[in-house]
file run-v5.txt (compact mmCIF, C-alpha atoms)
# COMPACT_ATOMS: atom_id res chain seq x y z
CA MET A 1 -2.79 136.71 3.01
CA SER A 2 0.22 134.45 2.74
CA ASP A 3 1.98 133.43 -0.41
CA LEU A 4 3.07 130.12 1.05
CA PRO A 5 1.82 127.06 -0.84
CA ALA A 6 -0.90 125.04 0.76
CA PRO A 7 0.45 122.16 2.87
CA PRO A 8 0.30 118.76 1.21
CA PRO A 9 -2.67 116.62 2.19
CA PRO A 10 -1.95 114.08 4.90
CA PRO A 11 -1.17 110.60 3.63
CA PRO A 12 -4.15 108.26 3.59
CA ALA A 13 -4.57 106.13 6.67
CA PRO A 14 -3.28 102.59 6.18
CA PRO A 15 -6.04 100.04 5.66
CA PRO A 16 -7.03 98.22 8.84
CA GLU A 17 -5.38 94.86 9.27
CA ARG A 18 -7.71 92.04 8.32
CA PHE A 19 -8.10 88.86 10.23
CA HIS A 20 -7.36 85.94 7.91
CA VAL A 21 -9.41 82.98 9.13
CA GLY A 22 -8.15 80.77 6.34
CA ARG A 23 -4.49 81.35 7.14
CA LEU A 24 -5.12 80.86 10.85
CA VAL A 25 -6.82 77.50 10.28
CA LEU A 26 -4.22 76.42 7.75
CA GLY A 27 -1.43 77.23 10.20
CA LEU A 28 -3.15 75.40 13.04
CA VAL A 29 -3.74 72.33 10.87
CA ILE A 30 -0.13 72.21 9.69
CA VAL A 31 1.12 72.59 13.28
CA ALA A 32 -1.25 69.84 14.49
CA ILE A 33 -0.12 67.44 11.75
CA GLY A 34 3.52 68.23 12.49
CA VAL A 35 3.04 67.64 16.23
CA GLY A 36 1.25 64.36 15.51
CA ALA A 37 4.04 63.19 13.21
CA LEU A 38 6.67 64.18 15.75
CA LEU A 39 4.92 62.36 18.60
CA ARG A 40 4.60 59.30 16.42
CA ALA A 41 8.29 59.46 15.45
CA LEU A 42 9.21 59.72 19.12
CA ASP A 43 6.89 56.81 20.00
CA VAL A 44 5.21 59.07 22.51
CA ALA A 45 1.71 58.67 21.19
CA SER A 46 0.54 56.69 18.21
CA GLY A 47 -3.12 56.22 19.11
CA GLY A 48 -3.99 59.88 18.75
CA TRP A 49 -2.55 60.05 15.25
CA LYS A 50 -5.59 58.35 13.76
CA VAL A 51 -7.83 61.20 14.84
CA ILE A 52 -5.50 64.03 13.83
CA LEU A 53 -6.13 63.88 10.09
CA PRO A 54 -9.95 63.63 10.36
CA GLY A 55 -9.77 66.35 13.02
CA ALA A 56 -7.71 68.52 10.69
CA LEU A 57 -10.29 68.03 7.94
CA ILE A 58 -13.08 69.09 10.30
CA ALA A 59 -11.05 72.13 11.36
CA ILE A 60 -10.55 73.10 7.71
CA GLY A 61 -14.28 72.74 7.12
CA VAL A 62 -15.13 74.91 10.12
CA GLY A 63 -12.53 77.45 9.01
CA LEU A 64 -13.98 77.57 5.52
CA LEU A 65 -17.48 78.03 6.91
CA ALA A 66 -16.31 80.85 9.16
CA ALA A 67 -14.31 82.52 6.41
CA GLY A 68 -17.00 82.03 3.79
CA LEU A 69 -19.71 83.54 5.95
CA ARG A 70 -17.56 86.51 7.02
CA SER A 71 -16.18 87.58 3.72
CA ALA A 72 -16.35 86.88 0.03
CA ARG A 73 -12.58 86.61 -0.30
CA GLY A 74 -11.33 83.49 -2.04
CA GLN A 75 -10.23 80.50 0.04
CA GLY A 76 -8.64 78.47 -2.72
CA GLY A 77 -5.61 77.43 -0.66
CA LEU A 78 -7.68 76.07 2.20
CA ILE A 79 -10.01 74.25 -0.22
CA ALA A 80 -7.01 72.67 -1.96
CA VAL A 81 -5.55 71.48 1.35
CA GLY A 82 -8.94 70.05 2.32
CA LEU A 83 -9.24 68.19 -0.97
CA VAL A 84 -5.75 66.70 -0.59
CA LEU A 85 -6.55 65.64 2.96
CA THR A 86 -9.84 64.10 1.82
CA ALA A 87 -8.02 62.13 -0.88
CA ILE A 88 -5.41 60.87 1.61
CA LEU A 89 -8.09 59.78 4.08
CA THR A 90 -10.13 58.10 1.36
CA ILE A 91 -7.12 56.12 0.09
CA ALA A 92 -6.10 55.19 3.64
CA THR A 93 -9.62 53.97 4.38
CA VAL A 94 -9.84 51.89 1.21
CA VAL A 95 -6.33 50.46 1.23
CA GLU A 96 -5.68 49.94 4.95
CA VAL A 97 -1.96 49.42 4.37
CA PRO A 98 -0.45 47.77 7.45
CA LEU A 99 2.61 49.47 8.88
CA GLU A 100 4.31 46.23 9.86
CA GLY A 101 5.60 43.32 7.84
CA GLY A 102 8.20 44.95 5.62
CA VAL A 103 8.56 45.01 1.86
CA GLY A 104 9.43 42.27 -0.63
CA ASP A 105 8.48 38.69 -1.40
CA ARG A 106 8.16 36.29 1.52
CA VAL A 107 7.35 32.59 1.70
CA GLU A 108 6.12 31.00 4.93
CA ARG A 109 6.20 27.20 4.84
CA PRO A 110 5.52 25.77 8.32
CA MET A 111 5.97 22.02 8.57
CA THR A 112 3.93 21.42 11.73
CA PHE A 113 0.60 22.71 12.95
CA ASP A 114 2.18 24.38 15.98
CA ARG A 115 4.52 26.41 13.78
CA VAL A 116 1.64 28.12 12.00
CA HIS A 117 1.37 31.67 13.29
CA ALA A 118 -1.90 33.35 14.12
CA GLU A 119 -1.00 36.46 12.11
CA TYR A 120 1.10 37.32 9.07
CA HIS A 121 1.71 40.84 7.78
CA LEU A 122 3.41 42.32 4.74
CA ALA A 123 3.29 45.99 3.70
CA ILE A 124 4.24 45.66 0.02
CA GLY A 125 5.09 42.57 -2.03
CA GLN A 126 3.97 38.96 -2.25
CA LEU A 127 3.27 36.87 0.82
CA THR A 128 2.96 33.13 0.23
CA ILE A 129 1.74 30.92 3.07
CA ASP A 130 2.28 27.34 1.97
CA LEU A 131 0.52 24.89 4.29
CA SER A 132 0.59 22.00 1.84
CA ARG A 133 3.39 20.17 3.69
CA LEU A 134 1.86 20.31 7.15
CA SER A 135 2.05 17.11 9.15
CA GLY A 136 -0.77 16.62 11.63
CA TYR A 137 -3.50 18.99 12.71
CA GLY A 138 -4.75 20.32 16.01
CA PRO A 139 -7.92 19.28 17.84
CA VAL A 140 -9.60 22.63 17.22
CA PRO A 141 -9.63 24.86 14.12
CA LYS A 142 -6.82 27.37 14.00
CA ARG A 143 -7.62 30.96 13.05
CA LEU A 144 -5.08 32.56 10.74
CA VAL A 145 -5.10 36.28 9.86
CA ALA A 146 -2.96 37.54 6.98
CA ARG A 147 -2.73 41.11 5.68
CA VAL A 148 -0.90 42.56 2.68
CA GLY A 149 -1.04 46.29 1.97
CA ILE A 150 -0.13 46.33 -1.72
CA GLY A 151 0.66 43.12 -3.59
CA LYS A 152 -0.42 39.51 -3.55
CA LEU A 153 -1.42 37.15 -0.79
CA LEU A 154 -1.30 33.47 -1.74
CA VAL A 155 -2.34 30.67 0.62
CA VAL A 156 -1.85 27.04 -0.35
CA VAL A 157 -3.81 24.53 1.73
CA PRO A 158 -3.43 20.74 1.83
CA SER A 159 -5.72 18.80 -0.47
CA GLY A 160 -8.69 17.13 1.17
CA THR A 161 -8.79 19.39 4.18
CA LEU A 162 -11.73 21.55 5.14
CA VAL A 163 -10.95 25.23 5.64
CA ASP A 164 -13.14 28.25 6.14
CA VAL A 165 -11.96 31.34 4.23
CA ARG A 166 -12.88 34.98 4.14
CA GLY A 167 -10.98 36.95 1.50
CA HIS A 168 -11.09 40.72 1.06
CA ALA A 169 -9.48 43.18 -1.36
CA GLY A 170 -9.90 46.96 -1.04
CA VAL A 171 -9.10 47.29 -4.72
CA GLY A 172 -8.21 44.21 -6.77
CA ASP A 173 -9.38 40.63 -6.99
CA VAL A 174 -10.05 37.66 -4.75
CA THR A 175 -9.85 34.05 -5.93
CA ILE A 176 -10.75 31.29 -3.49
CA PHE A 177 -10.70 27.70 -4.76
CA GLY A 178 -11.45 28.89 -8.28
CA ARG A 179 -14.26 31.24 -7.32
CA SER A 180 -13.21 34.75 -8.27
CA ASP A 181 -14.40 38.32 -8.01
CA SER A 182 -12.72 41.66 -8.69
CA GLY A 183 -13.29 45.38 -8.33
CA ILE A 184 -13.54 47.70 -5.32
CA ASP A 185 -14.21 46.37 -1.82
CA VAL A 186 -14.35 42.74 -2.90
CA ASP A 187 -15.39 40.09 -0.38
CA ILE A 188 -15.62 36.32 -0.82
CA ALA A 189 -16.39 33.81 1.91
CA SER A 190 -16.05 30.15 1.07
CA GLU A 191 -15.22 26.68 2.31
CA SER A 192 -13.01 24.19 0.57
CA LEU A 193 -14.39 20.95 -0.82
CA ALA A 194 -13.62 18.03 1.46
CA PRO A 195 -15.11 14.69 2.52
CA SER A 196 -18.40 15.12 4.35
CA ASP A 197 -17.04 13.79 7.65
CA SER A 198 -14.21 16.34 7.70
CA SER A 199 -13.98 19.02 10.35
CA ILE A 200 -12.63 22.51 9.77
CA ILE A 201 -8.85 22.65 10.21
CA PHE A 202 -8.25 26.35 9.55
CA SER A 203 -10.28 29.53 9.57
CA PHE A 204 -8.61 32.10 7.33
CA ASP A 205 -9.15 35.86 7.43
CA LEU A 206 -7.20 37.19 4.44
CA SER A 207 -7.06 40.70 3.02
CA VAL A 208 -5.09 43.00 0.75
CA GLY A 209 -5.44 46.74 0.34
CA ILE A 210 -4.57 46.85 -3.35
CA GLY A 211 -3.81 43.60 -5.14
CA GLN A 212 -4.84 39.98 -5.12
CA VAL A 213 -5.88 37.32 -2.64
CA GLU A 214 -5.66 33.72 -3.82
CA VAL A 215 -6.35 30.49 -1.96
CA ARG A 216 -5.83 27.13 -3.63
CA HIS A 217 -5.07 23.54 -2.88
CA GLY A 218 -1.50 22.34 -3.00
CA MET B 1 -11.81 93.43 -4.46
CA ALA B 2 -14.37 91.35 -2.64
CA GLU B 3 -16.83 93.06 -0.39
CA ARG B 4 -16.79 92.44 3.30
CA GLY B 5 -20.08 90.98 4.47
CA ALA B 6 -20.76 89.08 1.29
CA VAL B 7 -20.85 85.29 1.40
CA ASN B 8 -18.41 83.05 -0.44
CA ARG B 9 -20.73 80.20 -1.40
CA THR B 10 -17.89 78.03 -2.65
CA ALA B 11 -16.07 78.26 0.68
CA VAL B 12 -19.27 77.54 2.62
CA ALA B 13 -20.17 74.55 0.43
CA PHE B 14 -16.71 73.02 0.70
CA GLY B 15 -16.71 73.80 4.42
CA VAL B 16 -19.87 71.75 4.93
CA PHE B 17 -18.44 68.96 2.76
CA PHE B 18 -15.16 68.82 4.70
CA VAL B 19 -16.91 68.86 8.08
CA LEU B 20 -19.21 65.98 7.10
CA ALA B 21 -16.37 64.00 5.52
CA GLY B 22 -14.13 64.61 8.54
CA VAL B 23 -16.81 63.39 10.94
CA ALA B 24 -17.36 60.27 8.81
CA PHE B 25 -13.62 59.48 8.74
CA LEU B 26 -13.31 60.17 12.46
CA LEU B 27 -16.14 57.78 13.33
CA ASP B 28 -14.55 55.16 11.08
CA ARG B 29 -11.17 55.55 12.82
CA LEU B 30 -12.80 55.33 16.23
CA GLY B 31 -14.58 52.12 15.24
CA VAL B 32 -18.07 53.57 15.58
CA TRP B 33 -18.87 52.48 12.03
CA ASP B 34 -17.09 50.85 9.16
CA LEU B 35 -16.71 52.90 5.98
CA ARG B 36 -16.86 50.54 3.01
CA ALA B 37 -15.15 51.54 -0.21
CA ARG B 38 -18.10 50.49 -2.35
CA TYR B 39 -20.24 53.13 -0.60
CA LEU B 40 -17.51 55.63 0.28
CA LEU B 41 -16.22 56.39 -3.21
CA PRO B 42 -19.63 57.09 -4.83
CA ALA B 43 -20.73 59.08 -1.78
CA MET B 44 -17.59 61.20 -1.96
CA LEU B 45 -18.17 61.90 -5.65
CA ILE B 46 -21.80 62.88 -5.01
CA ALA B 47 -20.87 65.15 -2.10
CA LEU B 48 -17.99 66.73 -4.00
CA GLY B 49 -20.16 67.36 -7.05
CA ALA B 50 -22.89 68.81 -4.85
CA ALA B 51 -20.35 71.13 -3.19
CA ILE B 52 -19.22 72.37 -6.60
CA LEU B 53 -22.83 72.86 -7.73
CA VAL B 54 -23.82 74.74 -4.58
CA GLY B 55 -20.68 76.83 -4.84
CA GLY B 56 -21.76 77.92 -8.28
CA GLY B 57 -19.06 76.09 -10.14
CA THR B 58 -17.14 79.26 -10.94
CA GLY B 59 -15.88 80.20 -7.51
CA ARG B 60 -17.65 83.56 -7.73
CA THR B 61 -19.41 84.97 -4.73
CA SER B 62 -23.11 85.62 -4.26
call {"tool": "encode", "arguments": {"input": "run-v5.txt", "output": "structure tokens"}}
result
Amino acid sequence: MSDLPAPPPPPPAPPPERFHVGRLVLGLVIVAIGVGALLRALDVASGGWKVILPGALIAIGVGLLAAGLRSARGQGGLIAVGLVLTAILTIATVVEVPLEGGVGDRVERPMTFDRVHAEYHLAIGQLTIDLSRLSGYGPVPKRLVARVGIGKLLVVVPSGTLVDVRGHAGVGDVTIFGRSDSGIDVDIASESLAPSDSSIIFSFDLSVGIGQVEVRHG
Amino acid sequence: MAERGAVNRTAVAFGVFFVLAGVAFLLDRLGVWDLRARYLLPAMLIALGAAILVGGGTGRTS
């Protein structure tokens, strides 16, 4: 028999490394968003950007399903990222802020029919299109599209002329020749009052993401 | 410590919600359909509330 003490028990085996589905998906989503932003900044690809965020949300959903069915571990981080992404996509869908047009207050006051542009854009601010001083009209109605992301869009038309107007506000109010509506996803289509033998001079397609659309006579 | 093999109902419910919402946003971006705010916002609230209800509301696992 030996008097030596018994050898110490071997250290417990380290726990097996676990495969973290949530972290994998989160990493992939962040990389995808970063690549999309980089490509957009480099003007390499802008068309694919619009599918990256919805695609990322789908990937997060699939990752949550996979992780949730495999293990009962919490996935709070992935759920939070998904909720933030959902909020961003919802706001972007409702507001539809245009990327062009700049920021600030702008007044467009064309003096002739030919100088009226087909499109006007403003990201944030007030855009006033004053057509009240126009001299002469074209033989066919002119279609005019104006978009403001956040702010006010005001169109002043000459008295006694017939115009066809469609006004839209994602969130806000629309007032066309005194007829007004407000709330979420507001639409008003109207024609101005004019002599019965008048023909349509302009066809307006006006919208703001958040704010106000107003059309009135000058 | 959570048991392996158990199901995290909260994660599954939010996973289904995010997949459906992502597909809806994707189809809107691709011009397949037009998501209107007057329908989108209530639908999102209903789906989100349903996900919380299905998940059990507490985040605990089944």
call {"tool": "atom_distance", "arguments": {"input": "run-v5.txt", "atom1": "atom CA of A:Gly36", "atom2": "atom CA of A:Leu57"}}
result
14.3 Å
call {"tool": "interface_residues", "arguments": {"input": "run-v5.txt", "of": "chain B", "to": "chain A", "cutoff": "8 Å", "atoms": "all atoms listed in the file", "output": "ChimeraX atom specification"}}
result
/B:2-23,25-26,29-30,35-38,40-41,59,61
call {"tool": "write_last_selection", "arguments": {"input": "run-v5.txt", "atoms": "C-alpha atoms", "output": "mmCIF file, in the coordinates of the input"}}
result
data_model
loop_
_atom_site.group_PDB
_atom_site.id
_atom_site.type_symbol
_atom_site.label_atom_id
_atom_site.label_comp_id
_atom_site.auth_asym_id
_atom_site.auth_seq_id
_atom_site.Cartn_x
_atom_site.Cartn_y
_atom_site.Cartn_z
ATOM 1 C CA ALA B 2 -14.370 91.350 -2.640
ATOM 2 C CA GLU B 3 -16.830 93.060 -0.390
ATOM 3 C CA ARG B 4 -16.790 92.440 3.300
ATOM 4 C CA GLY B 5 -20.080 90.980 4.470
ATOM 5 C CA ALA B 6 -20.760 89.080 1.290
ATOM 6 C CA VAL B 7 -20.850 85.290 1.400
ATOM 7 C CA ASN B 8 -18.410 83.050 -0.440
ATOM 8 C CA ARG B 9 -20.730 80.200 -1.400
ATOM 9 C CA THR B 10 -17.890 78.030 -2.650
ATOM 10 C CA ALA B 11 -16.070 78.260 0.680
ATOM 11 C CA VAL B 12 -19.270 77.540 2.620
ATOM 12 C CA ALA B 13 -20.170 74.550 0.430
ATOM 13 C CA PHE B 14 -16.710 73.020 0.700
ATOM 14 C CA GLY B 15 -16.710 73.800 4.420
ATOM 15 C CA VAL B 16 -19.870 71.750 4.930
ATOM 16 C CA PHE B 17 -18.440 68.960 2.760
ATOM 17 C CA PHE B 18 -15.160 68.820 4.700
ATOM 18 C CA VAL B 19 -16.910 68.860 8.080
ATOM 19 C CA LEU B 20 -19.210 65.980 7.100
ATOM 20 C CA ALA B 21 -16.370 64.000 5.520
ATOM 21 C CA GLY B 22 -14.130 64.610 8.540
ATOM 22 C CA VAL B 23 -16.810 63.390 10.940
ATOM 23 C CA PHE B 25 -13.620 59.480 8.740
ATOM 24 C CA LEU B 26 -13.310 60.170 12.460
ATOM 25 C CA ARG B 29 -11.170 55.550 12.820
ATOM 26 C CA LEU B 30 -12.800 55.330 16.230
ATOM 27 C CA LEU B 35 -16.710 52.900 5.980
ATOM 28 C CA ARG B 36 -16.860 50.540 3.010
ATOM 29 C CA ALA B 37 -15.150 51.540 -0.210
ATOM 30 C CA ARG B 38 -18.100 50.490 -2.350
ATOM 31 C CA LEU B 40 -17.510 55.630 0.280
ATOM 32 C CA LEU B 41 -16.220 56.390 -3.210
ATOM 33 C CA GLY B 59 -15.880 80.200 -7.510
ATOM 34 C CA THR B 61 -19.410 84.970 -4.730
#
call {"tool": "residues_around", "arguments": {"input": "run-v5.txt", "residues": "A:Ala118", "least_positions_apart": "6", "cutoff": "10 Å", "atoms": "only C-alpha atoms", "output": "short mmCIF file (atom, residue, chain, number, x, y, z; two decimals) with C-alpha atoms, in the coordinates of the input"}}
result
data_model
loop_
_atom_site.label_atom_id
_atom_site.label_comp_id
_atom_site.auth_asym_id
_atom_site.auth_seq_id
_atom_site.Cartn_x
_atom_site.Cartn_y
_atom_site.Cartn_z
CA LYS A 142 -6.82 27.37 14.00
CA ARG A 143 -7.62 30.96 13.05
CA LEU A 144 -5.08 32.56 10.74
CA VAL A 145 -5.10 36.28 9.86
CA ALA A 146 -2.96 37.54 6.98
CA PHE A 204 -8.61 32.10 7.33
#
call {"tool": "atom_distance", "arguments": {"input": "run-v5.txt", "atom1": "atom CA of A:Gly102", "atom2": "atom CA of A:Gly125"}}
result
8.6 Å
call {"tool": "atom_distance", "arguments": {"input": "run-v5.txt", "atom1": "atom CA of A:Val174", "atom2": "atom CA of A:Val155"}}
result
11.7 Å
call {"tool": "residues_around", "arguments": {"input": "run-v5.txt", "residues": "A:Gln212", "least_positions_apart": "4", "cutoff": "12 Å", "atoms": "all atoms listed in the file", "output": "PyMOL selection string"}}
result
chain A and resi 124-128+147-155+167-176+180-187+206-208
